[in-house]
file start-v8.cif (mmCIF, C-alpha atoms)
data_structure
#
loop_
_atom_site.label_atom_id
_atom_site.label_comp_id
_atom_site.auth_asym_id
_atom_site.auth_seq_id
_atom_site.Cartn_x
_atom_site.Cartn_y
_atom_site.Cartn_z
CA MET A 1 -33.14 -15.84 4.05
CA ARG A 2 -30.97 -18.32 2.22
CA PRO A 3 -27.25 -18.33 2.82
CA GLY A 4 -25.25 -16.24 0.42
CA THR A 5 -27.88 -13.61 -0.06
CA LEU A 6 -27.76 -10.22 1.51
CA GLU A 7 -30.90 -8.92 3.08
CA VAL A 8 -31.85 -5.64 1.46
CA ARG A 9 -35.09 -4.59 3.03
CA ASP A 10 -37.90 -4.51 0.54
CA GLU A 11 -40.04 -2.28 2.68
CA VAL A 12 -37.69 0.60 2.05
CA LYS A 13 -38.81 0.74 -1.55
CA GLU A 14 -42.28 1.82 -0.45
CA HIS A 15 -40.83 4.84 1.22
CA THR A 16 -39.23 6.60 -1.71
CA PRO A 17 -38.36 10.18 -0.89
CA GLU A 18 -40.61 11.78 -3.48
CA LYS A 19 -41.84 14.26 -0.92
CA ILE A 20 -38.44 15.73 -0.26
CA GLU A 21 -37.24 15.14 -3.83
CA GLY A 22 -37.75 18.71 -4.99
CA VAL A 23 -37.00 20.76 -1.91
CA ALA A 24 -33.99 18.77 -0.80
CA LYS A 25 -32.18 18.59 -4.08
CA THR A 26 -29.28 20.64 -2.84
CA VAL A 27 -29.23 18.75 0.47
CA ARG A 28 -28.72 15.65 -1.65
CA GLU A 29 -26.00 17.27 -3.73
CA LEU A 30 -24.24 18.59 -0.65
CA LEU A 31 -24.35 15.23 1.09
CA THR A 32 -23.04 13.40 -1.97
CA LYS A 33 -20.17 15.89 -2.09
CA MET A 34 -19.52 15.35 1.63
CA LYS A 35 -19.45 11.58 1.17
CA ASP A 36 -16.97 11.81 -1.70
CA THR A 37 -14.82 14.27 0.24
CA SER A 38 -14.84 12.14 3.41
CA GLU A 39 -13.38 9.28 1.38
CA VAL A 40 -10.72 11.25 -0.46
CA ILE A 41 -9.59 13.20 2.64
CA VAL A 42 -8.72 9.96 4.49
CA ASP A 43 -6.66 8.77 1.54
CA LEU A 44 -4.91 12.15 1.32
CA ALA A 45 -4.19 12.23 5.06
CA TYR A 46 -2.48 8.84 4.95
CA ALA A 47 -0.65 9.95 1.80
CA ALA A 48 0.60 13.11 3.58
CA LEU A 49 1.94 11.02 6.47
CA MET A 50 3.47 8.36 4.26
CA PHE A 51 5.30 10.82 2.04
CA ASP A 52 5.97 13.22 4.92
CA SER A 53 4.48 15.89 2.70
CA LYS A 54 3.45 19.19 4.29
CA GLU A 55 2.06 20.13 0.92
CA ILE A 56 -0.50 17.31 0.90
CA ALA A 57 -1.17 18.08 4.59
CA GLU A 58 -2.11 21.65 3.64
CA GLU A 59 -4.61 20.29 1.12
CA VAL A 60 -6.12 18.06 3.80
CA LYS A 61 -6.60 21.14 6.00
CA LYS A 62 -8.24 23.01 3.12
CA LEU A 63 -10.60 20.10 2.48
CA GLU A 64 -11.46 19.98 6.18
CA ALA A 65 -12.41 23.67 6.04
CA GLU A 66 -14.50 22.97 2.94
CA MET A 67 -16.27 20.17 4.80
CA ASP A 68 -17.20 22.55 7.60
CA THR A 69 -18.62 24.95 5.03
CA LEU A 70 -20.56 22.10 3.41
CA ARG A 71 -21.94 21.06 6.78
CA TYR A 72 -23.05 24.60 7.48
CA GLU A 73 -24.73 24.84 4.09
CA ILE A 74 -26.46 21.49 4.42
CA ARG A 75 -27.89 22.51 7.82
CA ILE A 76 -29.28 25.74 6.41
CA ARG A 77 -30.73 23.99 3.38
CA ALA A 78 -32.25 21.23 5.50
CA MET A 79 -33.97 23.73 7.79
CA LEU A 80 -35.38 25.62 4.84
CA ALA A 81 -36.45 22.40 3.13
CA ALA A 82 -38.31 20.81 6.04
CA ARG A 83 -41.97 21.72 5.87
CA THR A 84 -43.57 18.83 7.73
CA LYS A 85 -42.52 16.88 10.81
CA ASN A 86 -41.86 13.82 8.65
CA GLU A 87 -39.58 15.80 6.36
CA ALA A 88 -37.75 17.24 9.35
CA VAL A 89 -37.21 13.76 10.83
CA GLN A 90 -35.78 12.46 7.57
CA LEU A 91 -33.60 15.48 6.98
CA SER A 92 -32.33 15.16 10.54
CA GLY A 93 -31.00 11.73 9.61
CA LEU A 94 -29.17 13.23 6.65
CA LEU A 95 -27.65 15.85 8.95
CA GLN A 96 -26.42 13.04 11.21
CA ILE A 97 -24.60 11.53 8.25
CA ALA A 98 -23.23 14.96 7.33
CA SER A 99 -21.89 15.31 10.90
CA ALA A 100 -20.26 11.91 10.75
CA ALA A 101 -18.65 12.78 7.40
CA ALA A 102 -17.37 16.02 8.94
CA SER A 103 -16.00 14.05 11.93
CA ILE A 104 -14.09 11.84 9.51
CA SER A 105 -12.52 14.93 7.94
CA HIS A 106 -11.58 16.27 11.39
CA ALA A 107 -9.90 12.96 12.23
CA ALA A 108 -7.99 13.15 8.93
CA ALA A 109 -6.90 16.71 9.73
CA ASP A 110 -5.81 15.61 13.23
CA MET A 111 -3.51 13.06 11.64
CA VAL A 112 -1.71 15.54 9.42
CA LYS A 113 -1.14 17.98 12.31
CA LEU A 114 1.77 15.67 13.15
CA LEU A 115 3.61 17.12 10.17
CA ASP A 116 3.73 20.49 11.93
CA LEU A 117 6.09 18.93 14.49
CA ASP A 118 9.85 19.13 14.15
CA ILE A 119 11.21 16.39 11.96
CA GLU A 120 12.75 14.44 14.87
CA LYS A 121 9.41 14.31 16.66
CA ARG A 122 7.45 12.95 13.75
CA PRO A 123 6.60 9.29 13.56
CA PHE A 124 7.61 7.29 10.50
CA LEU A 125 4.81 5.97 8.46
CA SER A 126 6.55 4.60 5.43
CA PHE A 127 5.96 1.14 6.94
CA VAL A 128 2.23 1.67 6.53
CA LEU A 129 2.96 2.37 2.88
CA ARG A 130 4.87 -0.89 2.68
CA ASP A 131 2.52 -3.12 4.63
CA ALA A 132 -0.96 -1.83 3.81
CA GLU A 133 -3.03 -3.86 1.41
CA GLU A 134 -4.09 -0.88 -0.65
CA LYS A 135 -1.08 1.26 -1.28
CA ILE A 136 -0.94 4.96 -2.00
CA ARG A 137 1.78 5.89 -4.46
CA LEU A 138 3.00 8.84 -6.51
CA ILE A 139 3.34 8.60 -10.27
CA ASN A 140 5.03 11.17 -12.49
CA LEU A 141 3.52 11.42 -15.93
CA SER A 142 6.29 11.64 -18.52
CA GLU A 143 5.93 13.56 -21.76
CA ARG A 144 6.92 10.28 -23.42
CA SER A 145 3.78 8.54 -22.09
CA ASP A 146 0.87 8.06 -24.48
CA MET A 147 -1.47 8.75 -21.56
CA VAL A 148 -0.69 12.45 -22.05
CA ASN A 149 -3.51 14.57 -23.50
CA ARG A 150 -6.12 11.87 -22.96
CA THR A 151 -8.92 11.90 -20.41
CA ILE A 152 -9.21 9.53 -17.47
CA ASP A 153 -12.38 8.19 -19.08
CA GLU A 154 -10.79 7.62 -22.51
CA LEU A 155 -7.98 5.69 -20.88
CA GLY A 156 -10.28 3.80 -18.52
CA ILE A 157 -7.46 3.88 -15.96
CA GLU A 158 -9.39 2.25 -13.15
CA CYS A 159 -10.83 -0.50 -15.35
CA ASN A 160 -7.49 -1.20 -17.00
CA THR A 161 -5.11 -1.04 -14.07
CA GLY A 162 -7.25 -1.09 -10.93
CA MET A 163 -5.56 2.11 -9.77
CA ARG A 164 -7.73 4.98 -8.62
CA ILE A 165 -6.46 8.52 -9.00
CA ILE A 166 -7.03 10.26 -5.66
CA ALA A 167 -5.54 13.56 -6.73
CA ILE A 168 -3.49 15.20 -9.45
CA LYS A 169 -0.87 17.82 -8.84
CA ARG A 170 -0.50 20.06 -11.87
CA GLY A 171 2.09 22.79 -11.40
CA LYS A 172 0.96 24.49 -8.22
CA ARG A 173 -2.65 23.45 -8.62
CA TRP A 174 -4.36 20.41 -7.11
CA ILE A 175 -7.25 18.48 -8.53
CA TYR A 176 -8.81 16.10 -6.01
CA ASP A 177 -10.90 13.12 -6.82
CA PRO A 178 -10.65 14.12 -10.50
CA GLU A 179 -13.68 13.74 -12.72
CA ASP A 180 -13.53 11.34 -15.65
CA HIS A 181 -13.33 14.15 -18.20
CA VAL A 182 -10.06 15.51 -16.79
CA ARG A 183 -7.34 15.38 -19.45
CA LEU A 184 -3.88 14.32 -18.26
CA LYS A 185 -0.89 16.52 -19.00
CA ALA A 186 2.84 15.84 -19.16
CA GLY A 187 4.39 16.65 -15.79
CA ASP A 188 1.26 15.77 -13.80
CA VAL A 189 1.94 14.04 -10.51
CA LEU A 190 -0.74 11.45 -9.88
CA ILE A 191 -1.51 10.29 -6.35
CA VAL A 192 -2.94 6.84 -6.86
CA ARG A 193 -4.35 4.09 -4.70
CA GLY A 194 -4.45 0.38 -5.44
CA THR A 195 -2.44 -2.80 -5.44
CA GLU A 196 1.30 -3.10 -5.96
CA ASP A 197 0.71 -4.96 -9.25
CA GLY A 198 -1.57 -2.22 -10.51
CA TYR A 199 1.00 0.41 -9.57
CA GLU A 200 3.80 -1.39 -11.43
CA ILE A 201 1.66 -1.59 -14.56
CA LEU A 202 0.44 2.02 -14.41
CA ASN A 203 3.93 3.33 -13.74
CA LYS A 204 5.24 1.65 -16.91
CA TYR A 205 2.55 3.40 -18.94
CA ALA A 206 3.26 6.70 -17.18
CA THR A 207 6.99 6.61 -17.89
CA GLY A 208 6.32 5.66 -21.51
CA GLU A 209 8.10 2.31 -21.05
CA ARG A 210 4.92 0.55 -22.18
CA LYS A 211 2.32 1.69 -24.67
CA TRP A 212 -1.21 2.15 -23.34
CA PRO A 213 -3.36 -0.81 -24.49
CA GLU A 214 -5.10 1.17 -27.22
CA ASP A 215 -8.23 -0.83 -27.76
CA SER A 216 -8.80 -2.34 -24.32
CA ASN A 217 -11.47 0.06 -23.18
CA GLU A 218 -13.11 0.75 -26.54
CA GLU A 219 -13.19 -2.94 -27.40
CA TYR A 220 -15.37 -3.70 -24.44
CA ARG A 221 -17.69 -0.82 -25.18
CA GLU A 222 -18.24 -1.87 -28.76
CA GLU A 223 -19.31 -5.31 -27.62
CA GLU A 224 -22.04 -3.91 -25.41
CA MET B 30 10.90 23.21 -6.63
CA ARG B 31 9.85 22.95 -10.23
CA PRO B 32 6.16 22.82 -11.10
CA GLY B 33 4.72 19.36 -11.41
CA THR B 34 6.93 17.79 -8.79
CA LEU B 35 5.79 16.92 -5.34
CA GLU B 36 8.01 17.84 -2.48
CA VAL B 37 8.88 14.71 -0.53
CA ARG B 38 11.25 15.78 2.17
CA ASP B 39 14.66 14.22 1.72
CA GLU B 40 15.66 14.84 5.29
CA VAL B 41 13.19 12.24 6.46
CA LYS B 42 15.37 9.53 4.99
CA GLU B 43 18.09 10.29 7.51
CA HIS B 44 15.69 9.54 10.32
CA THR B 45 14.80 5.94 9.59
CA PRO B 46 13.14 4.29 12.55
CA GLU B 47 15.84 1.67 13.14
CA LYS B 48 15.82 2.42 16.82
CA ILE B 49 12.21 1.48 17.28
CA GLU B 50 12.31 -1.17 14.54
CA GLY B 51 12.57 -4.13 16.90
CA VAL B 52 10.56 -3.07 19.91
CA ALA B 53 7.72 -1.49 18.01
CA LYS B 54 7.08 -4.25 15.54
CA THR B 55 3.65 -4.96 16.88
CA VAL B 56 2.87 -1.25 17.18
CA ARG B 57 3.57 -1.11 13.47
CA GLU B 58 1.42 -4.12 12.73
CA LEU B 59 -1.41 -2.81 14.87
CA LEU B 60 -1.32 0.61 13.21
CA THR B 61 -1.28 -0.89 9.73
CA LYS B 62 -4.33 -2.94 10.70
CA MET B 63 -6.02 0.19 12.08
CA LYS B 64 -5.34 2.10 8.87
CA ASP B 65 -6.79 -0.68 6.71
CA THR B 66 -9.81 -0.99 9.00
CA SER B 67 -10.45 2.77 9.05
CA GLU B 68 -10.70 2.67 5.27
CA VAL B 69 -12.93 -0.37 4.97
CA ILE B 70 -15.27 0.70 7.80
CA VAL B 71 -16.16 3.95 6.01
CA ASP B 72 -16.96 2.04 2.83
CA LEU B 73 -19.07 -0.45 4.79
CA ALA B 74 -20.95 2.29 6.65
CA TYR B 75 -21.96 3.99 3.41
CA ALA B 76 -22.87 0.57 1.99
CA ALA B 77 -25.10 -0.15 5.02
CA LEU B 78 -26.93 3.15 4.53
CA MET B 79 -27.24 2.79 0.78
CA PHE B 80 -28.64 -0.72 0.92
CA ASP B 81 -30.56 -0.03 4.15
CA SER B 82 -28.89 -3.15 5.50
CA LYS B 83 -28.96 -3.73 9.25
CA GLU B 84 -26.75 -6.71 8.61
CA ILE B 85 -23.90 -4.61 7.21
CA ALA B 86 -24.57 -2.09 10.00
CA GLU B 87 -23.96 -4.84 12.59
CA GLU B 88 -20.61 -5.60 10.95
CA VAL B 89 -19.68 -1.91 11.13
CA LYS B 90 -20.43 -1.98 14.87
CA LYS B 91 -18.28 -5.09 15.30
CA LEU B 92 -15.40 -3.46 13.44
CA GLU B 93 -15.75 -0.35 15.62
CA ALA B 94 -15.41 -2.55 18.71
CA GLU B 95 -12.37 -4.21 17.15
CA MET B 96 -10.84 -0.79 16.52
CA ASP B 97 -11.24 0.10 20.19
CA THR B 98 -9.49 -3.13 21.12
CA LEU B 99 -6.71 -2.36 18.64
CA ARG B 100 -6.32 1.13 20.08
CA TYR B 101 -6.08 -0.29 23.58
CA GLU B 102 -3.46 -2.82 22.47
CA ILE B 103 -1.40 -0.26 20.57
CA ARG B 104 -1.32 1.99 23.65
CA ILE B 105 -0.09 -0.82 25.87
CA ARG B 106 2.50 -1.90 23.31
CA ALA B 107 3.69 1.66 22.79
CA MET B 108 4.18 2.22 26.50
CA LEU B 109 6.13 -0.99 26.85
CA ALA B 110 8.19 -0.21 23.75
CA ALA B 111 9.25 3.33 24.66
CA ARG B 112 12.61 3.23 26.43
CA THR B 113 13.97 6.68 25.68
CA LYS B 114 12.35 10.09 25.47
CA ASN B 115 12.92 10.13 21.73
CA GLU B 116 11.17 6.80 21.30
CA ALA B 117 8.29 7.97 23.47
CA VAL B 118 7.89 11.14 21.38
CA GLN B 119 7.79 9.15 18.16
CA LEU B 120 5.43 6.52 19.51
CA SER B 121 3.19 9.29 20.78
CA GLY B 122 2.79 10.42 17.18
CA LEU B 123 1.75 6.92 16.17
CA LEU B 124 -0.81 6.89 18.98
CA GLN B 125 -2.22 10.15 17.62
CA ILE B 126 -2.75 8.47 14.28
CA ALA B 127 -4.29 5.46 16.02
CA SER B 128 -6.71 7.82 17.80
CA ALA B 129 -7.65 9.49 14.55
CA ALA B 130 -8.23 6.10 12.90
CA ALA B 131 -10.45 5.14 15.87
CA SER B 132 -12.36 8.44 15.50
CA ILE B 133 -13.02 7.58 11.88
CA SER B 134 -14.50 4.25 12.94
CA HIS B 135 -16.68 5.97 15.56
CA ALA B 136 -17.98 8.35 12.89
CA ALA B 137 -18.76 5.37 10.66
CA ALA B 138 -20.61 3.66 13.51
CA ASP B 139 -22.56 6.87 14.21
CA MET B 140 -23.79 6.81 10.63
CA VAL B 141 -25.17 3.30 10.82
CA LYS B 142 -27.02 3.98 14.09
CA LEU B 143 -29.62 5.57 11.83
CA LEU B 144 -30.64 2.08 10.76
CA ASP B 145 -31.85 1.41 14.31
CA LEU B 146 -34.61 3.98 13.73
CA ASP B 147 -38.06 2.98 12.55
CA ILE B 148 -38.21 2.73 8.80
CA GLU B 149 -40.24 5.92 8.35
CA LYS B 150 -37.68 7.94 10.27
CA ARG B 151 -34.70 6.79 8.25
CA PRO B 152 -33.27 8.99 5.56
CA PHE B 153 -32.93 7.66 2.04
CA LEU B 154 -29.48 7.30 0.77
CA SER B 155 -29.90 5.48 -2.48
CA PHE B 156 -29.28 8.84 -4.18
CA VAL B 157 -25.74 8.80 -2.82
CA LEU B 158 -25.38 5.42 -4.47
CA ARG B 159 -26.57 6.91 -7.72
CA ASP B 160 -24.63 10.16 -7.67
CA ALA B 161 -21.33 9.29 -6.02
CA GLU B 162 -18.29 8.98 -8.24
CA GLU B 163 -17.12 5.73 -6.70
CA LYS B 164 -20.08 3.45 -6.31
CA ILE B 165 -20.56 0.63 -3.86
CA ARG B 166 -22.46 -2.30 -5.31
CA LEU B 167 -23.42 -5.87 -4.51
CA ILE B 168 -22.50 -8.72 -6.82
CA ASN B 169 -23.78 -12.29 -6.53
CA LEU B 170 -21.30 -14.89 -7.70
CA SER B 171 -23.09 -17.49 -9.80
CA GLU B 172 -22.03 -21.14 -9.93
CA ARG B 173 -21.87 -20.60 -13.70
CA SER B 174 -19.10 -18.01 -13.33
CA ASP B 175 -15.55 -19.11 -14.06
CA MET B 176 -14.41 -16.85 -11.19
CA VAL B 177 -15.57 -19.58 -8.82
CA ASN B 178 -12.83 -21.55 -7.03
CA ARG B 179 -10.13 -19.07 -8.01
CA THR B 180 -8.34 -16.65 -5.73
CA ILE B 181 -8.62 -12.87 -5.91
CA ASP B 182 -4.93 -12.81 -6.78
CA GLU B 183 -5.20 -15.39 -9.60
CA LEU B 184 -8.05 -13.43 -11.11
CA GLY B 185 -6.34 -10.06 -10.61
CA ILE B 186 -9.81 -8.59 -10.08
CA GLU B 187 -8.65 -5.08 -9.23
CA CYS B 188 -6.14 -4.92 -12.09
CA ASN B 189 -8.62 -6.34 -14.60
CA THR B 190 -11.81 -4.53 -13.67
CA GLY B 191 -10.82 -1.68 -11.36
CA MET B 192 -13.28 -2.97 -8.77
CA ARG B 193 -12.09 -3.45 -5.23
CA ILE B 194 -13.75 -6.09 -3.04
CA ILE B 195 -14.57 -4.44 0.29
CA ALA B 196 -16.15 -7.50 1.82
CA ILE B 197 -17.47 -10.95 0.97
CA LYS B 198 -20.53 -12.48 2.52
CA ARG B 199 -20.28 -16.27 2.53
CA GLY B 200 -23.30 -17.94 4.08
CA LYS B 201 -23.54 -16.30 7.47
CA ARG B 202 -19.87 -15.41 7.59
CA TRP B 203 -18.27 -12.13 6.59
CA ILE B 204 -14.78 -11.60 5.23
CA TYR B 205 -13.74 -7.94 5.24
CA ASP B 206 -11.05 -6.45 3.14
CA PRO B 207 -10.28 -9.95 1.88
CA GLU B 208 -6.66 -10.97 1.36
CA ASP B 209 -5.46 -11.84 -2.13
CA HIS B 210 -5.29 -15.56 -1.37
CA VAL B 211 -9.03 -15.80 -0.61
CA ARG B 212 -10.70 -18.24 -3.01
CA LEU B 213 -14.14 -17.23 -4.30
CA LYS B 214 -17.05 -19.64 -3.94
CA ALA B 215 -20.36 -19.96 -5.75
CA GLY B 216 -23.02 -18.05 -3.81
CA ASP B 217 -20.59 -15.46 -2.44
CA VAL B 218 -22.00 -11.95 -2.22
CA LEU B 219 -19.27 -9.46 -3.07
CA ILE B 220 -19.50 -5.88 -1.82
CA VAL B 221 -17.44 -3.98 -4.34
CA ARG B 222 -16.36 -0.41 -4.89
CA GLY B 223 -15.42 1.25 -8.15
CA THR B 224 -16.78 2.87 -11.28
CA GLU B 225 -20.06 2.02 -13.00
CA ASP B 226 -18.14 0.67 -16.03
CA GLY B 227 -16.07 -1.59 -13.82
CA TYR B 228 -19.19 -2.87 -12.10
CA GLU B 229 -20.90 -3.70 -15.39
CA ILE B 230 -17.87 -5.68 -16.54
CA LEU B 231 -17.36 -7.53 -13.25
CA ASN B 232 -21.05 -8.37 -12.99
CA LYS B 233 -20.97 -10.05 -16.41
CA TYR B 234 -18.11 -12.25 -15.28
CA ALA B 235 -19.87 -12.98 -11.98
CA THR B 236 -23.11 -14.09 -13.61
CA GLY B 237 -21.18 -16.23 -16.10
CA GLU B 238 -22.44 -14.15 -19.03
CA ARG B 239 -18.82 -13.43 -20.00
CA LYS B 240 -15.77 -15.65 -19.60
CA TRP B 241 -12.99 -14.30 -17.39
CA PRO B 242 -10.13 -13.07 -19.63
CA GLU B 243 -7.96 -16.11 -18.98
CA ASP B 244 -4.53 -14.80 -19.80
CA SER B 245 -4.86 -11.12 -18.98
CA ASN B 246 -3.12 -11.27 -15.62
CA GLU B 247 -0.62 -14.00 -16.38
CA GLU B 248 0.31 -12.42 -19.69
CA TYR B 249 1.51 -9.30 -18.01
CA ARG B 250 3.44 -11.24 -15.40
CA GLU B 251 5.29 -13.29 -17.99
CA GLU B 252 6.48 -10.16 -19.70
CA GLU B 253 8.08 -8.83 -16.56
#

call {"tool": "encode", "arguments": {"input": "start-v8.cif", "output": "C-alpha cells"}}
result
Amino acid sequence: MRPGTLEVRDEVKEHTPEKIEGVAKTVRELLTKMKDTSEVIVDLAYAALMFDSKEIAEEVKKLEAEMDTLRYEIRIRAMLAARTKNEAVQLSGLLQIASAAASISHAAADMVKLLDLDIEKRPFLSFVLRDAEEKIRLINLSERSDMVNRTIDELGIECNTGMRIIAIKRGKRWIYDPEDHVRLKAGDVLIVRGTEDGYEILNKYATGERKWPEDSNEEYREEE
Amino acid sequence: MRPGTLEVRDEVKEHTPEKIEGVAKTVRELLTKMKDTSEVIVDLAYAALMFDSKEIAEEVKKLEAEMDTLRYEIRIRAMLAARTKNEAVQLSGLLQIASAAASISHAAADMVKLLDLDIEKRPFLSFVLRDAEEKIRLINLSERSDMVNRTIDELGIECNTGMRIIAIKRGKRWIYDPEDHVRLKAGDVLIVRGTEDGYEILNKYATGERKWPEDSNEEYREEE
C-alpha cells in the first residue's frame, strides 16, 4: 500500500448484500434514520447546554425516545427478515450498530438532564461555544432577508456558507435535520453548525444586511 | 414568548463562572477537547464501517483510549479545582458532560468492533453512505490541484464548498479534526463530510480539474 492511499478492502465488493436486499429494506431505512438521528442529537444536546435552553433539551429527550422506538422496530424487522444463518449473522451486526447509535442518543440525553437542575447548580458551557472548532449558533431569519421563501436546496446554504442547519424552530414547531426541500420562512430560528467565518456570512444574509449571491449555486450547476 | 423566538434564559447571564474561571481553566480546555473528539469519533466510526476500513477503525480505538485519558485528567483537575461546595456542584455537572462524551466514544468504538469479524460476518453499510443526508467521502488530493501547499484557512474550504474535513491521512500519519492552519500536501487523503453537491465541487478542485476560486474567501474578508 503506497503512502497517501487509504486501504478500502476490495474483497468486500464480492460480498454485496443482494440476499438481504429485499427483505431488509426497512432495516436499512431504519438504520439510516438512526445514524442521521445519532448525529443530530449530539449537536442538539451541546446546543441545549450552550444556550441553557430547556426547550432544546426537551427536543433531545423526544429524539431519544424516538431512537428507542427505532431500535425496537429494527430488532423486530431484523428477526422477521433473517431466514438463513448467514442473514441472521449479518443482521446481528446491523443491530449492534443500532445499539451503538441508541447509546449515543442516551449519552446526549444524559447531558441535557443537567438543565433540570436549579440554575445555580448548572455548569456553564458557553466556553465550549467559544472555544470549540465547530460552533453551534442561533440565527434569526428576518423578513428583510432574501433567503425567505426559498428552499435550502435552492440557496445551497451548505455549499455557499459552509454552515449546516441542524434544526429550524418555526413558531412552536421544530424541524430537525431539515431536508433540502424545506422552504425557509420569515421568523424561523435556525440552529446552525460551522465555522465562525461561515456564521458571520450567513448571519448577514439572514438579517438582510447582504443580498444572497443569486447565481452562485445555479452558476455551478449550469457548468456541469 | 412570541413564536419564532428561542428562549435563551437571561438569568444565566447573572451566573457567569468567574469564580471557577482561574482554577478550572484546564477543566474547560479538557472538556472542549472532549466535545470536539466526541463529534469527530462518531463521524470516523461511521466512515470506518462505510469504507470497511480497519485502518480508520484503529484510529477510532485510539481516540476512544484518548477520551478515557481525558476523562481521567478532567476528574483529577476538577477535584483539585473545587474549593467550595458551589464550585464542586458546578464542576460535577461538567464531569457529567465529560462522562456522556466518553460514552459517545465508547459507542463509536463498539460500532467499529464489527470490523474485527470475518468478512462474511460483517454487515454492509455502504447503503448508509448512499442514503444518509450528510455523506462521508474520501478525496485524494492530486499534485495537480492548486489546493496543495495552502492552509485550510486560506482556502476557506468549509465556507466555499460546505465540506468539513474530518481527518487527513498523510502517509502513515493521521490528523483528526485538523486545525485551520494545517497546510494540505499532494497525496493527502481527506475524509470529508457534507452534501453530495459539495463533494462533487470539492473533488473537482482536488483532482485539479477545476481551479480553486482564488478570490472567493479574500473578497469577503476585504469587504468586512

call {"tool": "interface_residues", "arguments": {"input": "start-v8.cif", "of": "chain A", "to": "chain B", "cutoff": "7 Å", "atoms": "only C-alpha atoms", "output": "ChimeraX atom specification"}}
result
/A:3-5,7-9,17,32,36,51-53,89-91,93-94,96-97,100,103-104,107-108,110-111,114,121-124,128,131-132,158-163,169-172,187-189,198

call {"tool": "atom_distance", "arguments": {"input": "start-v8.cif", "atom1": "CA of Ala74 (chain B)", "atom2": "CA of Trp174 (chain A)"}}
result
28.2 Å

call {"tool": "atom_distance", "arguments": {"input": "start-v8.cif", "atom1": "CA of Glu243 (chain B)", "atom2": "CA of Arg210 (chain A)"}}
result
21.3 Å

call {"tool": "resolve_selection", "arguments": {"input": "start-v8.cif", "expression": "the PyMOL selection byres ((chain A and resi 80) around 12)", "output": "list in words"}}
result
Ile20, Val23, Ala24, Lys25, Thr26, Val27, Glu73, Ile74, Arg75, Ile76, Arg77, Ala78, Met79, Ala81, Ala82, Arg83, Thr84, Glu87, Ala88 and Leu91 of chain A

call {"tool": "atom_distance", "arguments": {"input": "start-v8.cif", "atom1": "CA of Ile181 (chain B)", "atom2": "CA of Pro242 (chain B)"}}
result
13.8 Å

call {"tool": "closest_residue", "arguments": {"input": "start-v8.cif", "among": "B:Ala196, B:Leu99, B:Ala94, B:Val177", "to": "Ala76 (chain B)", "atoms": "all atoms listed in the file"}}
result
B:Ala196

call {"tool": "closest_residue", "arguments": {"input": "start-v8.cif", "among": "A:Lys211, A:Arg193, A:His181, A:Arg150", "to": "Ile136 (chain A)", "atoms": "only C-alpha atoms"}}
result
A:Arg193

call {"tool": "residues_near_point", "arguments": {"input": "start-v8.cif", "point": "(6.2, 5.1, -23.0)", "cutoff": "9 Å", "atoms": "only C-alpha atoms", "output": "PyMOL selection string"}}
result
chain A and resi 142-147+204-212
